[in-house]
Structure formats: structure tokens, C-alpha cells
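Below is one structure, written out as C-alpha cells; the observations come after it.
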Amino acid sequence: MKSLRIEAPAKVNLFLRAATLRADGYHELDTLFEALSFGDVLEFRARRDKAVRLSCTLKSLPTGPKNLVVRAALLLRKETSVSAGVDIRLTKNLPVASGLGGGSSDAASTLLGLNRFWKLGLSQANLLKLAAELGSDVPFFILQTPFASAKGRGEILTPWQSKSKFWHVLVTPRLHVLAKDVYRALTNEDRAAQPATGDALKMKTGVIKGDIADVGSRMFNTLERVLVRDYAVIRKLLADLTAAGAVRSMVSGSGPTVLGLASSKANALRIARVMRRKHPAKFIQPVSTSA
Ligand code: C5P
């Protein structure tokens, strides 16, 4: 194989409950991941030497050993004692550090892609273990499933089979928000205001049936409280999405992206048009659940 191209989809959390803060600094989660039809693209090409080289369409992104793609490739080589070199080309379509899981998905797709490209034959269980070493959201993308509920840091996953597809509109403001700071800003009051543990699973029936009203009424994100408290632009975008016709609007993951749940593809395209007129400088993208 001379080259391999693989997609790295975005995700949203339709439900995210952050319970206790664990001794290791992570929160015990109860969450529901949804993979989306939009994302980054990775291309792998063999090299004559043993270097791992990353190039990216987004010039501001570091391409050295700090980048999760490079870390994933090096971790895979270490695990399998492979010494082959590779050129990796990353086409970055997703906004960086936006709560859409772009970096995590790039890392997971690197593990999946190089496992095939280098014919390593690692099992899904093996890839999941490596993924968890790279970040809390990385294991979800190894499953290549449209929906999964998750516990622990996000790595104890139950994938679902569902034919239902949902449409959303993503809007990302230009805010520099780190996941670690958002989690750290959670107060006891935020935690007390959460739905009960297990509520992520209550969405399962509605998601499988494609019941938009039910899913909309159960969507929840504990971390939204922090972002709504701190940023007027988030409050404005949530209100604008609802005013533009979204069934429900919510912050995605640790933000700053907000998502509007649409009632149909036509509704999503209409909401995106309205939002682009109001917020011409922001990343605005209608998306559906991944195939
Ligand atoms: O695992 P990852 O590096 O993606 O997590 C980024 C940060 O988000 C962590 O350092 C932690 O502060 C926070 N986090 C958390 N609980 C989780 C996942 C992430 O507190 N379950």
C-alpha cells in the first residue's frame, strides 16, 4: 500500500454529566457520544527513512511531538516495535480545541489508519487501550460507531446500533477555552443541579427511534453552566440558535462550540443560513449523525 486516506469525524455529547472529581484529576462521566458526518481528513504515505512527519493545512497547528497525531503514531510504533517512517497529511476542517473532539478523532484515526497501513493486525481492544493513553475522548472514535454511551473518564464505552440520523448546526465562537479549566471551574452547585446518574441511558430509546422532541428534552451538559456563566457570546449564540428554529441548543463538550438540534435537514440548512447572516466571522456548519 503506497498511501491511505481516512476520515476523522467530529463528535458532540448529547448528554454529559460530570459527577465526582477523582483522585487522578479526572471527573467520573456519564455521557452520550454522537459521531458526525463532518470532520478532518488524514493521508498516510510511506517514507524511505524512519521519520514520522506531519504536515497540516492549518499552519498554526504544532506538527511536532506535542501533536496528538504524532504521539499516536509514535505510541503505535513503540507498542509494536515497528520502525517504518510515514508522512502524514492532516486536512484540518474542524476548529481546534472547540469541544468537537477534532484532535482526539485525528489521534484515533491515526491509530486506525496506521494499523491498516503498516498491516499491524492490532485488535480493537488493543487500539482502545492505546487510545485511552492519548486522551479521554480518543477511545470513542476507535469504535467507528454513530452512538455510544460512556462512563469512567469517557473510555468505558457501550456502542449502539441505530439507524436514526439527527441534524445539527454547529457554531464555534473564537474563544480560547481549555477543557481542563472548564472542568476545574465546576462548583458544587453545578454538580447538584445535574440530572441523576443513568439519565444518559434514558435518551437511548429516543435516539434509536429518532424521536427529536424526546432527545431535545433530555439533552444536557453540566459543563454548559461554566461557559454560560463566563461568556456572553455563548449565551447569545444559544439564544440565536433557538430563535433561528433549533429544537434545542446546547454547548458541545467543554465548548466553546454550541450546537442546535434541528428537526430536519431543511431546518438545519435554514438555521445555518440565519446564523451565517448574524455571525459572519464564526465557523458555522450544518451536520448530521455519521453513517
Ligand atoms: O483526557 P484529556 O486530555 O482529553 O482531558 C483534558 C482535561 O479535561 C483533563 O486534563 C481534565 O482536566 C479534564 N477532564 C476531566 N474529566 C474527564 C475528562 C477530562 O476532568 N472525564
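Going through the C-alpha cells in order, the chains are called A, B, and so on, while each chain numbers its residues from 1 and the ligands are numbered from 1 in the order shown.
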
Pull the alpha helix (DSSP H) assignments for region 123-290 of chain A out of DSSP run on the backbone, and list those residues as an MDAnalysis selection string. chainID A and resid 124:134 138:142 179:184 188:192 199:209 212:218 224:230 232:243 265:278

Export, as an mmCIF file, in the first residue's frame, the selected residues with C-alpha atoms.
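As a result, out05.cif now contains:
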```cif
data_model
loop_
_atom_site.group_PDB
_atom_site.id
_atom_site.type_symbol
_atom_site.label_atom_id
_atom_site.label_comp_id
_atom_site.auth_asym_id
_atom_site.auth_seq_id
_atom_site.Cartn_x
_atom_site.Cartn_y
_atom_site.Cartn_z
ATOM 1 C CA GLN A 124 -9.918 -3.222 18.614
ATOM 2 C CA ALA A 125 -9.304 -3.954 22.319
ATOM 3 C CA ASN A 126 -5.612 -3.173 21.847
ATOM 4 C CA LEU A 127 -6.349 0.038 19.947
ATOM 5 C CA LEU A 128 -8.834 1.112 22.649
ATOM 6 C CA LYS A 129 -6.139 0.718 25.305
ATOM 7 C CA LEU A 130 -3.659 2.847 23.342
ATOM 8 C CA ALA A 131 -6.397 5.392 22.619
ATOM 9 C CA ALA A 132 -7.145 5.833 26.340
ATOM 10 C CA GLU A 133 -3.465 6.705 26.906
ATOM 11 C CA LEU A 134 -3.810 9.579 24.416
ATOM 12 C CA VAL A 138 -9.980 9.140 21.810
ATOM 13 C CA PRO A 139 -11.430 5.629 22.532
ATOM 14 C CA PHE A 140 -14.912 6.611 21.286
ATOM 15 C CA PHE A 141 -13.526 7.254 17.787
ATOM 16 C CA ILE A 142 -11.867 3.812 17.663
ATOM 17 C CA ALA A 179 -11.177 21.612 28.771
ATOM 18 C CA LYS A 180 -9.133 21.380 31.949
ATOM 19 C CA ASP A 181 -10.135 24.925 33.011
ATOM 20 C CA VAL A 182 -13.810 24.337 32.259
ATOM 21 C CA TYR A 183 -13.857 21.137 34.348
ATOM 22 C CA ARG A 184 -11.944 22.911 37.109
ATOM 23 C CA ASN A 188 -20.741 22.031 43.979
ATOM 24 C CA GLU A 189 -23.866 23.910 42.934
ATOM 25 C CA ASP A 190 -23.264 22.941 39.270
ATOM 26 C CA ARG A 191 -22.916 19.319 40.295
ATOM 27 C CA ALA A 192 -26.066 19.449 42.448
ATOM 28 C CA ASP A 199 -30.070 9.692 32.557
ATOM 29 C CA ALA A 200 -27.773 9.336 29.525
ATOM 30 C CA LEU A 201 -29.250 5.870 29.043
ATOM 31 C CA LYS A 202 -32.805 7.260 29.187
ATOM 32 C CA MET A 203 -32.042 9.012 25.891
ATOM 33 C CA LYS A 204 -31.256 5.728 24.198
ATOM 34 C CA THR A 205 -34.884 4.898 23.307
ATOM 35 C CA GLY A 206 -35.461 8.368 21.845
ATOM 36 C CA VAL A 207 -32.197 8.270 19.898
ATOM 37 C CA ILE A 208 -32.923 4.821 18.436
ATOM 38 C CA LYS A 209 -36.483 5.844 17.466
ATOM 39 C CA ILE A 212 -36.312 14.526 18.079
ATOM 40 C CA ALA A 213 -38.647 16.053 20.691
ATOM 41 C CA ASP A 214 -37.647 13.437 23.278
ATOM 42 C CA VAL A 215 -33.921 13.794 22.529
ATOM 43 C CA GLY A 216 -34.216 17.599 22.647
ATOM 44 C CA SER A 217 -35.945 17.493 26.028
ATOM 45 C CA ARG A 218 -33.242 15.237 27.507
ATOM 46 C CA GLU A 224 -22.514 24.387 29.823
ATOM 47 C CA ARG A 225 -23.141 26.109 33.178
ATOM 48 C CA VAL A 226 -19.494 27.224 33.342
ATOM 49 C CA LEU A 227 -19.464 28.584 29.777
ATOM 50 C CA VAL A 228 -22.826 30.335 30.093
ATOM 51 C CA ARG A 229 -21.655 31.960 33.329
ATOM 52 C CA ASP A 230 -18.380 33.216 31.872
ATOM 53 C CA ALA A 232 -21.885 36.496 26.960
ATOM 54 C CA VAL A 233 -21.168 35.285 23.404
ATOM 55 C CA ILE A 234 -22.160 31.725 24.386
ATOM 56 C CA ARG A 235 -25.449 32.972 25.878
ATOM 57 C CA LYS A 236 -26.091 34.943 22.697
ATOM 58 C CA LEU A 237 -25.331 32.016 20.361
ATOM 59 C CA LEU A 238 -27.576 29.651 22.341
ATOM 60 C CA ALA A 239 -30.443 32.162 22.182
ATOM 61 C CA ASP A 240 -29.840 32.897 18.479
ATOM 62 C CA LEU A 241 -29.889 29.177 17.568
ATOM 63 C CA THR A 242 -33.225 28.741 19.320
ATOM 64 C CA ALA A 243 -34.605 31.913 17.721
ATOM 65 C CA LYS A 265 -32.025 18.663 7.057
ATOM 66 C CA ALA A 266 -34.014 21.586 5.583
ATOM 67 C CA ASN A 267 -34.395 23.064 9.078
ATOM 68 C CA ALA A 268 -30.626 22.708 9.690
ATOM 69 C CA LEU A 269 -29.784 24.456 6.401
ATOM 70 C CA ARG A 270 -32.219 27.260 7.248
ATOM 71 C CA ILE A 271 -30.776 27.713 10.754
ATOM 72 C CA ALA A 272 -27.230 27.766 9.319
ATOM 73 C CA ARG A 273 -28.257 30.479 6.810
ATOM 74 C CA VAL A 274 -29.752 32.665 9.551
ATOM 75 C CA MET A 275 -26.713 32.156 11.818
ATOM 76 C CA ARG A 276 -24.245 32.974 8.997
ATOM 77 C CA ARG A 277 -26.036 36.256 8.393
ATOM 78 C CA LYS A 278 -25.864 37.159 12.100
#
```

Please produce, as CSV, a per-residue contact table for chain A versus ligand 1 (criterion: any atom at most 10 Å away, only C-alpha atoms and all ligand atoms considered), showing the nearest atom pair and its distance in Å to one decimal, sorted by chain then residue number.
```
residue,atom,partner,partner_atom_place_in_ligand_line,distance
A:Leu16,CA,ligand 1,21 (N),9.7
A:Arg17,CA,ligand 1,21 (N),9.5
A:Ala18,CA,ligand 1,21 (N),7.2
A:Ala19,CA,ligand 1,21 (N),9.1
A:Thr20,CA,ligand 1,16 (N),9.2
A:Leu21,CA,ligand 1,20 (O),7.0
A:Arg22,CA,ligand 1,20 (O),8.3
A:Asp24,CA,ligand 1,20 (O),8.9
A:Gly25,CA,ligand 1,20 (O),5.9
A:Tyr26,CA,ligand 1,20 (O),3.6
A:His27,CA,ligand 1,16 (N),3.7
A:Glu28,CA,ligand 1,21 (N),5.6
A:Leu29,CA,ligand 1,21 (N),5.4
A:Asp30,CA,ligand 1,21 (N),8.9
A:Thr31,CA,ligand 1,21 (N),9.4
A:Gly101,CA,ligand 1,4 (O),8.6
A:Gly103,CA,ligand 1,4 (O),9.0
A:Ser104,CA,ligand 1,4 (O),7.4
A:Ala132,CA,ligand 1,1 (O),7.9
A:Glu133,CA,ligand 1,1 (O),8.3
A:Leu134,CA,ligand 1,3 (O),7.1
A:Gly135,CA,ligand 1,1 (O),3.7
A:Ser136,CA,ligand 1,1 (O),3.7
A:Asp137,CA,ligand 1,4 (O),5.9
A:Val138,CA,ligand 1,4 (O),7.7
A:Ala150,CA,ligand 1,21 (N),9.9
A:Lys151,CA,ligand 1,21 (N),8.4
A:Gly152,CA,ligand 1,21 (N),6.6
A:Arg153,CA,ligand 1,21 (N),3.6
A:Gly154,CA,ligand 1,21 (N),5.7
A:Glu155,CA,ligand 1,21 (N),8.6
A:Leu178,CA,ligand 1,7 (C),7.7
A:Ala179,CA,ligand 1,8 (O),4.6
A:Lys180,CA,ligand 1,12 (O),3.5
A:Asp181,CA,ligand 1,12 (O),6.8
A:Val182,CA,ligand 1,8 (O),7.8
A:Tyr183,CA,ligand 1,20 (O),5.2
A:Arg184,CA,ligand 1,12 (O),6.7
A:Leu186,CA,ligand 1,20 (O),9.7
A:Gly253,CA,ligand 1,18 (C),9.7
A:Ser254,CA,ligand 1,8 (O),8.1
```

Hey, can you check how far CA of Gly255 (chain A) sits from CA of Thr172 (chain A)? 8.3 Å

Just the residues within 7 Å of Phe33 (chain A), please, counting only C-alpha atoms, with nothing from its chain fewer than 4 positions along; format it as an mmCIF file with all heavy atoms, in the first residue's frame.
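Produced file part35.cif, reproduced below:
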```cif
data_model
loop_
_atom_site.group_PDB
_atom_site.id
_atom_site.type_symbol
_atom_site.label_atom_id
_atom_site.label_comp_id
_atom_site.auth_asym_id
_atom_site.auth_seq_id
_atom_site.Cartn_x
_atom_site.Cartn_y
_atom_site.Cartn_z
ATOM 1 N N LYS A 11 -17.348 14.890 16.932
ATOM 2 C CA LYS A 11 -18.385 14.346 17.823
ATOM 3 C C LYS A 11 -19.063 15.490 18.567
ATOM 4 O O LYS A 11 -18.498 16.592 18.698
ATOM 5 C CB LYS A 11 -17.804 13.343 18.830
ATOM 6 C CG LYS A 11 -16.756 13.908 19.813
ATOM 7 C CD LYS A 11 -17.309 14.555 21.059
ATOM 8 C CE LYS A 11 -16.235 15.222 21.914
ATOM 9 N NZ LYS A 11 -16.723 16.193 22.881
ATOM 10 N N VAL A 12 -20.267 15.195 19.049
ATOM 11 C CA VAL A 12 -20.859 16.040 20.089
ATOM 12 C C VAL A 12 -21.277 15.116 21.223
ATOM 13 O O VAL A 12 -21.401 13.909 21.034
ATOM 14 C CB VAL A 12 -22.091 16.858 19.587
ATOM 15 C CG1 VAL A 12 -21.674 17.953 18.637
ATOM 16 C CG2 VAL A 12 -23.143 15.951 18.953
ATOM 17 N N ASN A 13 -21.466 15.688 22.402
ATOM 18 C CA ASN A 13 -22.029 14.927 23.516
ATOM 19 C C ASN A 13 -23.474 15.385 23.663
ATOM 20 O O ASN A 13 -23.720 16.537 24.012
ATOM 21 C CB ASN A 13 -21.272 15.209 24.820
ATOM 22 C CG ASN A 13 -19.806 14.851 24.734
ATOM 23 O OD1 ASN A 13 -19.024 15.602 24.149
ATOM 24 N ND2 ASN A 13 -19.442 13.731 25.287
ATOM 25 N N LEU A 14 -24.419 14.492 23.368
ATOM 26 C CA LEU A 14 -25.834 14.866 23.525
ATOM 27 C C LEU A 14 -26.201 14.933 25.000
ATOM 28 O O LEU A 14 -27.165 15.581 25.390
ATOM 29 C CB LEU A 14 -26.736 13.845 22.819
ATOM 30 C CG LEU A 14 -26.662 13.841 21.296
ATOM 31 C CD1 LEU A 14 -27.553 12.744 20.731
ATOM 32 C CD2 LEU A 14 -27.065 15.200 20.721
ATOM 33 N N PHE A 147 -23.245 6.127 17.662
ATOM 34 C CA PHE A 147 -23.593 6.487 19.043
ATOM 35 C C PHE A 147 -22.932 5.552 20.034
ATOM 36 O O PHE A 147 -22.790 4.358 19.767
ATOM 37 C CB PHE A 147 -25.112 6.384 19.279
ATOM 38 C CG PHE A 147 -25.926 7.290 18.423
ATOM 39 C CD1 PHE A 147 -26.571 6.797 17.289
ATOM 40 C CD2 PHE A 147 -26.064 8.633 18.733
ATOM 41 C CE1 PHE A 147 -27.328 7.628 16.476
ATOM 42 C CE2 PHE A 147 -26.823 9.470 17.929
ATOM 43 C CZ PHE A 147 -27.449 8.969 16.809
ATOM 44 N N ALA A 148 -22.540 6.104 21.188
ATOM 45 C CA ALA A 148 -22.081 5.256 22.293
ATOM 46 C C ALA A 148 -22.317 5.991 23.595
ATOM 47 O O ALA A 148 -22.174 7.218 23.662
ATOM 48 C CB ALA A 148 -20.593 4.928 22.144
ATOM 49 N N SER A 149 -22.693 5.248 24.628
ATOM 50 C CA SER A 149 -22.719 5.848 25.959
ATOM 51 C C SER A 149 -21.391 5.519 26.624
ATOM 52 O O SER A 149 -20.743 4.529 26.274
ATOM 53 C CB SER A 149 -23.910 5.346 26.779
ATOM 54 O OG SER A 149 -24.060 3.973 26.626
#
```

Give the strand (DSSP E) residues of region 92-262 of chain A, as assigned by DSSP on the backbone, as a compact mmCIF listing (two decimals) with N, CA, C and O atoms, in the first residue's frame.
```
# COMPACT_ATOMS: atom_id res chain seq x y z
N PHE A 147 -23.25 6.13 17.66
CA PHE A 147 -23.59 6.49 19.04
C PHE A 147 -22.93 5.55 20.03
O PHE A 147 -22.79 4.36 19.77
N ALA A 148 -22.54 6.10 21.19
CA ALA A 148 -22.08 5.26 22.29
C ALA A 148 -22.32 5.99 23.59
O ALA A 148 -22.17 7.22 23.66
N SER A 149 -22.69 5.25 24.63
CA SER A 149 -22.72 5.85 25.96
C SER A 149 -21.39 5.52 26.62
O SER A 149 -20.74 4.53 26.27
N ALA A 150 -20.98 6.36 27.56
CA ALA A 150 -19.66 6.16 28.16
C ALA A 150 -19.65 6.52 29.64
O ALA A 150 -20.39 7.41 30.08
N LYS A 151 -18.81 5.80 30.37
CA LYS A 151 -18.60 6.04 31.80
C LYS A 151 -17.10 6.22 32.04
O LYS A 151 -16.32 6.22 31.09
N ILE A 156 -14.98 3.94 29.11
CA ILE A 156 -15.74 2.70 29.32
C ILE A 156 -17.00 2.82 28.46
O ILE A 156 -17.97 3.47 28.83
N LEU A 157 -16.94 2.22 27.27
CA LEU A 157 -17.90 2.56 26.21
C LEU A 157 -18.88 1.44 25.91
O LEU A 157 -18.52 0.26 25.91
N THR A 158 -20.12 1.83 25.61
CA THR A 158 -21.11 0.89 25.09
C THR A 158 -21.61 1.44 23.76
O THR A 158 -22.35 2.43 23.74
N PRO A 159 -21.17 0.85 22.64
CA PRO A 159 -21.64 1.36 21.33
C PRO A 159 -23.08 0.92 21.07
O PRO A 159 -23.50 -0.11 21.56
N TRP A 160 -23.83 1.71 20.30
CA TRP A 160 -25.20 1.36 19.95
C TRP A 160 -25.34 1.24 18.45
O TRP A 160 -24.76 2.02 17.71
N TRP A 167 -29.97 15.91 12.65
CA TRP A 167 -29.29 17.07 12.04
C TRP A 167 -29.02 18.13 13.10
O TRP A 167 -29.85 18.34 13.99
N HIS A 168 -27.84 18.73 13.02
CA HIS A 168 -27.48 19.80 13.95
C HIS A 168 -26.83 20.94 13.18
O HIS A 168 -26.35 20.74 12.07
N VAL A 169 -26.78 22.08 13.83
CA VAL A 169 -25.95 23.18 13.31
C VAL A 169 -24.91 23.48 14.38
O VAL A 169 -25.24 23.68 15.55
N LEU A 170 -23.64 23.46 13.97
CA LEU A 170 -22.54 23.77 14.88
C LEU A 170 -22.13 25.22 14.69
O LEU A 170 -22.01 25.69 13.55
N VAL A 171 -21.89 25.91 15.80
CA VAL A 171 -21.38 27.29 15.73
C VAL A 171 -20.24 27.42 16.73
O VAL A 171 -20.41 27.14 17.92
N THR A 172 -19.06 27.82 16.23
CA THR A 172 -17.89 27.93 17.11
C THR A 172 -17.42 29.37 17.19
O THR A 172 -16.95 29.93 16.19
N PHE A 220 -28.41 17.43 27.71
CA PHE A 220 -27.90 18.10 28.91
C PHE A 220 -26.38 18.10 28.90
O PHE A 220 -25.75 17.15 28.45
N ASN A 221 -25.79 19.16 29.42
CA ASN A 221 -24.34 19.23 29.56
C ASN A 221 -23.98 20.04 30.80
O ASN A 221 -24.18 21.26 30.84
N ARG A 248 -33.56 22.66 20.19
CA ARG A 248 -32.84 22.84 21.45
C ARG A 248 -31.42 23.27 21.12
O ARG A 248 -30.87 22.82 20.11
N SER A 249 -30.84 24.11 21.94
CA SER A 249 -29.44 24.48 21.71
C SER A 249 -28.64 24.19 22.97
O SER A 249 -29.18 24.27 24.09
N MET A 250 -27.38 23.84 22.80
CA MET A 250 -26.57 23.41 23.94
C MET A 250 -25.08 23.56 23.61
O MET A 250 -24.71 23.54 22.44
N VAL A 251 -24.25 23.68 24.65
CA VAL A 251 -22.80 23.69 24.45
C VAL A 251 -22.34 22.25 24.18
O VAL A 251 -22.85 21.31 24.78
N VAL A 258 -21.24 25.63 20.19
CA VAL A 258 -22.61 25.35 20.58
C VAL A 258 -23.28 24.61 19.43
O VAL A 258 -22.90 24.79 18.26
N LEU A 259 -24.24 23.76 19.78
CA LEU A 259 -24.94 23.02 18.73
C LEU A 259 -26.43 23.26 18.85
O LEU A 259 -26.96 23.37 19.95
N GLY A 260 -27.08 23.36 17.71
CA GLY A 260 -28.54 23.45 17.68
C GLY A 260 -29.07 22.16 17.13
O GLY A 260 -28.60 21.69 16.08
N LEU A 261 -30.02 21.54 17.83
CA LEU A 261 -30.68 20.33 17.32
C LEU A 261 -31.75 20.77 16.33
O LEU A 261 -32.64 21.55 16.69
N ALA A 262 -31.65 20.28 15.08
CA ALA A 262 -32.62 20.68 14.06
C ALA A 262 -33.68 19.58 13.89
O ALA A 262 -33.43 18.43 14.23
```

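If you look at CA of Ser105 (chain A) and CA of Arg47 (chain A), they are 23.7 Å away from each other.
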
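Closest approach to Lys66 (chain A) among A:Pro280, A:Ser81, A:Ala107, A:Ala291: A:Ala107, based on only C-alpha atoms.
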
Distance query Gly85 (chain A) at most 10 Å, only C-alpha atoms, self and fewer than 2 positions along chain excluded, as a PyMOL selection string: chain A and resi 45-53+73+77+82-83+87-88+118

Might you pull out every residue within 8 Å of Lys165 (chain A), with only C-alpha atoms counted and same-chain residues fewer than 5 positions away left off, and present them as a PyMOL selection string? chain A and resi 210+288-290

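If you look at CA of Thr63 (chain A) and CA of Ala10 (chain A), they are 20.0 Å away from each other.
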